[in-house]
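Read the structure below first, then the notes.
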Amino acid sequence: MSLKPNQQSIVMLGASGAVGTETVNTLLKLKNIKQLTLLGRNPITNINVDFVNQYKISISDTNSYSKYLENHTTAICTLGVGEPSKVSKEDFIKIDKTAVLDFAIACKKAGITHFELLASVGVSPKSKSFYLKTKGELVEALKELNFERLSIFQPSMILTPTNRYGISQAITLKVWPLLKPLLIGGLKKYRGIPVNILGQAMAKNIFNKGEAYEILQWNEFYSILK
């Protein structure tokens with residue numbers, strides 16, 4: 001497939017989640033997109049754009065989608081369990097680590113050069129937190145794939161306009177923004193980020209020059225949008 005200068009062909013996994021939805025909404029408004037392919041368990045309704053293709057797949061079976069990865073330049077992965085505490089550790093690993101890594105490996109084989117991942121601030125394979133440790137192990141595995149460019153987005157609390165997960169999230173959405181004045185200097189990375197800002201940053205970052213391996217946090221999210 002022939003691409004014009006700065007034109008991108010993007011494949012995305014996890015487009016139906018909160019961040020994924022905002023990322024897609026931004027991509028639909030951007031110029032220089034040749035093709036946007038959305039892979040998921042169910043198609044997203046109300047998307048009627050010529051350059052968008054949607055395919056129903058099994059996230060645990062690369063054979064169900066590997067043929068759809070050809071001729072893309074960039075992959076964006078926002079796949080993840082919404083409430084990790086509500087699923088077993090085994091299921092969390094299957095979705096947030098194994099399925100994502102399998103997707104990345106398939107993308108690498110298909111010739112995709114830029115991979116973007118929605119992770120979390122504090123991820124580390126040495127973390128005592130199961131969630132952060134699992135995500136950290138994933139990032140290390142992605143680095144070993146040697147994409148030309150690997151972008152790891154590390155938000156702290158993602159602030160959604162509505163409460164999606166019950167009383168605990170309702171409290172967090174009220175309290176976290178109040179902490180912003182206290183989170184200065186090196187603590188800025190722990191500031192809450194509006195989900196629309198994060199989605200816009202993930203979409204627009206593909207058109208910015210970046211490092212071969214880059215970690216993007218609160219400051220970078222806003223810098224991308226300037």
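Each chain in the structure tokens gets a letter, A, B, ..., in the order shown, and its residues are numbered from 1; ligands are numbered from 1 in order too.
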
### Message
Taking only stretch 113-225 of chain A into account, list the residues labelled alpha helix (DSSP H) by DSSP (computed from the backbone), as an NGL selection string.
### Response
:A and (130-143 or 167-175 or 195-204 or 218-225)

Limited to N, CA and C atoms, could you put the picked residues into a file as a tab-separated table (two decimals), in the first residue's frame?
```tsv
chain	number	residue	atom	x	y	z
A	130	PHE	N	0.88	-6.81	42.10
A	130	PHE	CA	0.67	-7.80	41.03
A	130	PHE	C	0.33	-7.10	39.71
A	131	TYR	N	-0.55	-6.11	39.78
A	131	TYR	CA	-0.96	-5.38	38.58
A	131	TYR	C	0.23	-4.69	37.93
A	132	LEU	N	1.00	-3.94	38.70
A	132	LEU	CA	2.12	-3.19	38.14
A	132	LEU	C	3.25	-4.12	37.69
A	133	LYS	N	3.42	-5.23	38.39
A	133	LYS	CA	4.45	-6.20	38.02
A	133	LYS	C	4.11	-6.86	36.69
A	134	THR	N	2.85	-7.25	36.53
A	134	THR	CA	2.43	-7.89	35.29
A	134	THR	C	2.59	-6.94	34.11
A	135	LYS	N	2.17	-5.70	34.30
A	135	LYS	CA	2.32	-4.70	33.24
A	135	LYS	C	3.79	-4.42	32.95
A	136	GLY	N	4.60	-4.42	34.01
A	136	GLY	CA	6.03	-4.19	33.83
A	136	GLY	C	6.69	-5.31	33.05
A	137	GLU	N	6.28	-6.54	33.32
A	137	GLU	CA	6.80	-7.69	32.57
A	137	GLU	C	6.42	-7.59	31.10
A	138	LEU	N	5.21	-7.12	30.85
A	138	LEU	CA	4.75	-6.94	29.47
A	138	LEU	C	5.62	-5.92	28.75
A	139	VAL	N	5.88	-4.80	29.38
A	139	VAL	CA	6.69	-3.76	28.75
A	139	VAL	C	8.09	-4.29	28.42
A	140	GLU	N	8.68	-5.03	29.33
A	140	GLU	CA	10.01	-5.59	29.08
A	140	GLU	C	9.97	-6.54	27.88
A	141	ALA	N	8.93	-7.33	27.77
A	141	ALA	CA	8.79	-8.25	26.63
A	141	ALA	C	8.61	-7.48	25.32
A	142	LEU	N	7.88	-6.38	25.38
A	142	LEU	CA	7.69	-5.55	24.18
A	142	LEU	C	9.01	-4.93	23.73
A	143	LYS	N	9.82	-4.52	24.66
A	143	LYS	CA	11.12	-3.92	24.33
A	143	LYS	C	12.00	-4.92	23.58
A	167	ILE	N	-19.04	2.56	43.63
A	167	ILE	CA	-18.78	3.55	44.67
A	167	ILE	C	-17.31	3.92	44.79
A	168	SER	N	-16.41	2.93	44.64
A	168	SER	CA	-14.98	3.23	44.79
A	168	SER	C	-14.51	4.20	43.72
A	169	GLN	N	-14.97	4.00	42.48
A	169	GLN	CA	-14.58	4.93	41.43
A	169	GLN	C	-15.25	6.28	41.62
A	170	ALA	N	-16.47	6.28	42.10
A	170	ALA	CA	-17.18	7.54	42.34
A	170	ALA	C	-16.39	8.41	43.32
A	171	ILE	N	-15.88	7.79	44.37
A	171	ILE	CA	-15.09	8.53	45.37
A	171	ILE	C	-13.80	9.03	44.74
A	172	THR	N	-13.15	8.15	43.97
A	172	THR	CA	-11.88	8.53	43.34
A	172	THR	C	-12.06	9.70	42.39
A	173	LEU	N	-13.11	9.67	41.58
A	173	LEU	CA	-13.34	10.74	40.62
A	173	LEU	C	-13.58	12.08	41.30
A	174	LYS	N	-14.11	12.04	42.51
A	174	LYS	CA	-14.34	13.26	43.28
A	174	LYS	C	-13.06	13.76	43.94
A	175	VAL	N	-12.29	12.83	44.49
A	175	VAL	CA	-11.14	13.19	45.32
A	175	VAL	C	-9.88	13.48	44.51
A	195	VAL	N	-9.88	11.45	30.47
A	195	VAL	CA	-9.78	10.39	29.48
A	195	VAL	C	-9.73	10.94	28.06
A	196	ASN	N	-10.39	12.06	27.80
A	196	ASN	CA	-10.35	12.62	26.45
A	196	ASN	C	-8.96	13.15	26.09
A	197	ILE	N	-8.26	13.71	27.07
A	197	ILE	CA	-6.90	14.20	26.84
A	197	ILE	C	-5.96	13.03	26.55
A	198	LEU	N	-6.10	11.96	27.32
A	198	LEU	CA	-5.27	10.78	27.12
A	198	LEU	C	-5.52	10.16	25.74
A	199	GLY	N	-6.78	10.04	25.38
A	199	GLY	CA	-7.10	9.49	24.07
A	199	GLY	C	-6.55	10.33	22.93
A	200	GLN	N	-6.67	11.64	23.05
A	200	GLN	CA	-6.13	12.54	22.03
A	200	GLN	C	-4.62	12.39	21.92
A	201	ALA	N	-3.95	12.26	23.07
A	201	ALA	CA	-2.49	12.13	23.08
A	201	ALA	C	-2.05	10.84	22.39
A	202	MET	N	-2.76	9.74	22.65
A	202	MET	CA	-2.40	8.48	22.02
A	202	MET	C	-2.59	8.55	20.51
A	203	ALA	N	-3.62	9.24	20.08
A	203	ALA	CA	-3.88	9.37	18.64
A	203	ALA	C	-2.86	10.28	17.97
A	204	LYS	N	-2.62	11.44	18.53
A	204	LYS	CA	-1.78	12.43	17.87
A	204	LYS	C	-0.29	12.13	17.98
A	218	TRP	N	2.14	12.32	32.47
A	218	TRP	CA	1.24	13.48	32.53
A	218	TRP	C	1.75	14.67	31.72
A	219	ASN	N	2.99	15.06	31.93
A	219	ASN	CA	3.54	16.21	31.20
A	219	ASN	C	3.49	16.00	29.69
A	220	GLU	N	3.91	14.78	29.28
A	220	GLU	CA	3.97	14.49	27.85
A	220	GLU	C	2.59	14.46	27.20
A	221	PHE	N	1.58	14.01	27.93
A	221	PHE	CA	0.22	13.97	27.37
A	221	PHE	C	-0.18	15.36	26.88
A	222	TYR	N	0.09	16.35	27.71
A	222	TYR	CA	-0.30	17.72	27.34
A	222	TYR	C	0.64	18.32	26.30
A	223	SER	N	1.93	17.96	26.35
A	223	SER	CA	2.88	18.47	25.37
A	223	SER	C	2.51	18.02	23.96
A	224	ILE	N	2.04	16.80	23.83
A	224	ILE	CA	1.67	16.26	22.53
A	224	ILE	C	0.56	17.09	21.88
A	225	LEU	N	-0.33	17.62	22.72
A	225	LEU	CA	-1.50	18.34	22.20
A	225	LEU	C	-1.22	19.80	21.88
```

### Summary
Residue with the minimum atom-to-atom distance to A:Leu216, picked from A:Phe51, A:Phe92, A:Phe153, A:Tyr190 with only C-alpha atoms counted, is A:Phe153

Let's see if you can do this: from backbone DSSP, list all strand (DSSP E or B) residues in stretch 72-186 of chain A, as a PDB file with N, CA and C atoms, in the first residue's frame.
```pdb
ATOM      1  N   THR A  74       1.346   1.473  12.071  1.00  0.00           N
ATOM      2  CA  THR A  74       1.284   1.694  13.523  1.00  0.00           C
ATOM      3  C   THR A  74       0.219   0.817  14.156  1.00  0.00           C
ATOM      4  N   ALA A  75       0.501   0.332  15.354  1.00  0.00           N
ATOM      5  CA  ALA A  75      -0.476  -0.412  16.144  1.00  0.00           C
ATOM      6  C   ALA A  75      -0.693   0.319  17.462  1.00  0.00           C
ATOM      7  N   ILE A  76      -1.945   0.445  17.856  1.00  0.00           N
ATOM      8  CA  ILE A  76      -2.301   1.052  19.144  1.00  0.00           C
ATOM      9  C   ILE A  76      -3.053   0.005  19.956  1.00  0.00           C
ATOM     10  N   CYS A  77      -2.596  -0.233  21.178  1.00  0.00           N
ATOM     11  CA  CYS A  77      -3.252  -1.221  22.036  1.00  0.00           C
ATOM     12  C   CYS A  77      -3.723  -0.568  23.329  1.00  0.00           C
ATOM     13  N   HIS A 114       5.722   0.884  14.500  1.00  0.00           N
ATOM     14  CA  HIS A 114       5.462   1.693  15.696  1.00  0.00           C
ATOM     15  C   HIS A 114       4.350   1.045  16.508  1.00  0.00           C
ATOM     16  N   PHE A 115       4.618   0.796  17.787  1.00  0.00           N
ATOM     17  CA  PHE A 115       3.635   0.169  18.672  1.00  0.00           C
ATOM     18  C   PHE A 115       3.396   1.072  19.866  1.00  0.00           C
ATOM     19  N   GLU A 116       2.122   1.385  20.123  1.00  0.00           N
ATOM     20  CA  GLU A 116       1.739   2.198  21.275  1.00  0.00           C
ATOM     21  C   GLU A 116       0.953   1.338  22.262  1.00  0.00           C
ATOM     22  N   LEU A 117       1.291   1.450  23.531  1.00  0.00           N
ATOM     23  CA  LEU A 117       0.618   0.673  24.576  1.00  0.00           C
ATOM     24  C   LEU A 117       0.079   1.579  25.667  1.00  0.00           C
ATOM     25  N   LEU A 118      -1.162   1.336  26.074  1.00  0.00           N
ATOM     26  CA  LEU A 118      -1.714   1.978  27.258  1.00  0.00           C
ATOM     27  C   LEU A 118      -1.318   1.134  28.465  1.00  0.00           C
ATOM     28  N   ARG A 149       9.866   1.994  16.884  1.00  0.00           N
ATOM     29  CA  ARG A 149       9.422   2.957  17.894  1.00  0.00           C
ATOM     30  C   ARG A 149       8.414   2.277  18.809  1.00  0.00           C
ATOM     31  N   LEU A 150       8.645   2.367  20.108  1.00  0.00           N
ATOM     32  CA  LEU A 150       7.755   1.793  21.113  1.00  0.00           C
ATOM     33  C   LEU A 150       7.358   2.892  22.081  1.00  0.00           C
ATOM     34  N   SER A 151       6.066   3.203  22.138  1.00  0.00           N
ATOM     35  CA  SER A 151       5.548   4.281  22.976  1.00  0.00           C
ATOM     36  C   SER A 151       4.711   3.691  24.102  1.00  0.00           C
ATOM     37  N   ILE A 152       5.155   3.904  25.344  1.00  0.00           N
ATOM     38  CA  ILE A 152       4.452   3.377  26.508  1.00  0.00           C
ATOM     39  C   ILE A 152       3.777   4.526  27.249  1.00  0.00           C
ATOM     40  N   PHE A 153       2.461   4.547  27.219  1.00  0.00           N
ATOM     41  CA  PHE A 153       1.698   5.595  27.899  1.00  0.00           C
ATOM     42  C   PHE A 153       1.439   5.173  29.346  1.00  0.00           C
ATOM     43  N   ILE A 158      -7.163   7.690  35.572  1.00  0.00           N
ATOM     44  CA  ILE A 158      -7.841   8.159  34.365  1.00  0.00           C
ATOM     45  C   ILE A 158      -9.217   8.675  34.766  1.00  0.00           C
ATOM     46  N   LEU A 159      -9.461   9.939  34.509  1.00  0.00           N
ATOM     47  CA  LEU A 159     -10.692  10.598  34.949  1.00  0.00           C
ATOM     48  C   LEU A 159     -11.738  10.555  33.836  1.00  0.00           C
TER      49      LEU A 159
END
```

### Query
Near A:Asp50, within 12 Å and counting only C-alpha atoms, which residues show up once chain neighbours fewer than 6 positions away are dropped, as a ChimeraX atom specification?
/A:28,33-37

Take the residues that were just selected and, keeping C-alpha atoms, output them as a compact mmCIF listing (two decimals), in the first residue's frame.
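What landed in again_32.txt:
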```txt
# COMPACT_ATOMS: atom_id res chain seq x y z
CA LEU A 28 -11.52 9.91 12.89
CA ILE A 33 -4.85 8.56 7.89
CA LYS A 34 -4.94 6.11 5.01
CA GLN A 35 -6.59 3.29 6.92
CA LEU A 36 -7.85 2.57 10.44
CA THR A 37 -8.50 -1.07 11.30
```

#### Entry: Which residue of A:Gln154, A:Ala110, A:Ile57, A:Ile105 approaches A:Ser124 most closely, using only C-alpha atoms
A:Gln154

### Message
So that I can check the surroundings of A:Lys189, please list as a PyMOL selection string every protein, DNA and RNA residue that reaches within 9 Å of it, counting only C-alpha atoms and ignoring chain neighbours fewer than 2 positions away.
### Response
chain A and resi 121+154-156+183-187+191-192+217-219

### Query
So which residues touch A:Ser64 within 12 Å, counting only C-alpha atoms, skipping near sequence neighbours fewer than 2 positions away, as a list in words?
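Once the nearby chain positions are removed, what remains is Leu39, Gly40, Arg41, Tyr55, Lys56, Ile57, Ser58, Ile59, Ser60, Asp61, Thr62, Ser66, Lys67, Tyr68, Leu69, Asp102, Phe103 and Ala106 of chain A.
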
Write to file, as an mmCIF file, in the first residue's frame, the residues of the selection just made, with N, CA and C atoms.
```
data_model
loop_
_atom_site.group_PDB
_atom_site.id
_atom_site.type_symbol
_atom_site.label_atom_id
_atom_site.label_comp_id
_atom_site.auth_asym_id
_atom_site.auth_seq_id
_atom_site.Cartn_x
_atom_site.Cartn_y
_atom_site.Cartn_z
ATOM 1 N N LEU A 39 -9.916 -3.946 15.665
ATOM 2 C CA LEU A 39 -10.089 -5.360 15.976
ATOM 3 C C LEU A 39 -10.728 -5.495 17.348
ATOM 4 N N GLY A 40 -11.753 -6.322 17.462
ATOM 5 C CA GLY A 40 -12.407 -6.470 18.761
ATOM 6 C C GLY A 40 -13.371 -7.634 18.792
ATOM 7 N N ARG A 41 -13.907 -7.870 19.988
ATOM 8 C CA ARG A 41 -14.851 -8.971 20.144
ATOM 9 C C ARG A 41 -16.204 -8.640 19.519
ATOM 10 N N TYR A 55 -13.239 -5.664 12.323
ATOM 11 C CA TYR A 55 -13.265 -7.118 12.237
ATOM 12 C C TYR A 55 -13.506 -7.717 13.623
ATOM 13 N N LYS A 56 -14.402 -8.670 13.669
ATOM 14 C CA LYS A 56 -14.671 -9.391 14.906
ATOM 15 C C LYS A 56 -13.644 -10.504 15.046
ATOM 16 N N ILE A 57 -12.930 -10.517 16.174
ATOM 17 C CA ILE A 57 -11.827 -11.453 16.358
ATOM 18 C C ILE A 57 -11.869 -12.074 17.742
ATOM 19 N N SER A 58 -11.001 -13.038 17.962
ATOM 20 C CA SER A 58 -10.752 -13.593 19.298
ATOM 21 C C SER A 58 -9.396 -13.075 19.753
ATOM 22 N N ILE A 59 -9.358 -12.348 20.864
ATOM 23 C CA ILE A 59 -8.090 -11.766 21.300
ATOM 24 C C ILE A 59 -7.082 -12.826 21.732
ATOM 25 N N SER A 60 -7.555 -14.032 21.979
ATOM 26 C CA SER A 60 -6.656 -15.101 22.417
ATOM 27 C C SER A 60 -6.178 -15.981 21.262
ATOM 28 N N ASP A 61 -6.546 -15.624 20.038
ATOM 29 C CA ASP A 61 -6.174 -16.430 18.877
ATOM 30 C C ASP A 61 -5.654 -15.518 17.773
ATOM 31 N N THR A 62 -4.343 -15.466 17.612
ATOM 32 C CA THR A 62 -3.762 -14.572 16.610
ATOM 33 C C THR A 62 -4.177 -14.966 15.190
ATOM 34 N N SER A 66 -4.435 -12.151 12.331
ATOM 35 C CA SER A 66 -3.112 -11.862 11.762
ATOM 36 C C SER A 66 -3.190 -11.359 10.321
ATOM 37 N N LYS A 67 -4.151 -11.868 9.556
ATOM 38 C CA LYS A 67 -4.278 -11.449 8.155
ATOM 39 C C LYS A 67 -4.714 -9.991 8.010
ATOM 40 N N TYR A 68 -5.263 -9.418 9.083
ATOM 41 C CA TYR A 68 -5.726 -8.034 9.019
ATOM 42 C C TYR A 68 -4.631 -7.029 9.381
ATOM 43 N N LEU A 69 -3.444 -7.511 9.743
ATOM 44 C CA LEU A 69 -2.370 -6.626 10.201
ATOM 45 C C LEU A 69 -1.474 -6.142 9.075
ATOM 46 N N ASP A 102 0.891 -11.241 22.429
ATOM 47 C CA ASP A 102 0.627 -11.992 21.194
ATOM 48 C C ASP A 102 0.289 -11.041 20.050
ATOM 49 N N PHE A 103 -0.502 -10.027 20.356
ATOM 50 C CA PHE A 103 -0.852 -9.017 19.354
ATOM 51 C C PHE A 103 0.403 -8.296 18.870
ATOM 52 N N ALA A 106 2.530 -10.494 16.606
ATOM 53 C CA ALA A 106 1.903 -10.593 15.283
ATOM 54 C C ALA A 106 2.106 -9.303 14.497
#
```

### Task
Identify which of the residues A:Val52, A:Val19, A:Val81, A:Asn146 lies closest to A:Lys94, counting only C-alpha atoms when measuring atom-to-atom distances.
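Using only C-alpha atoms, A:Lys94 sits closest to A:Val81.
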
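Reported to one decimal place, the separation of atom CA of A:Lys188 from atom CA of A:Pro125 is 22.4 Å.
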
## Note on the structure
atom CA of A:Gln54 to atom CA of A:Glu214 measures 28.7 Å
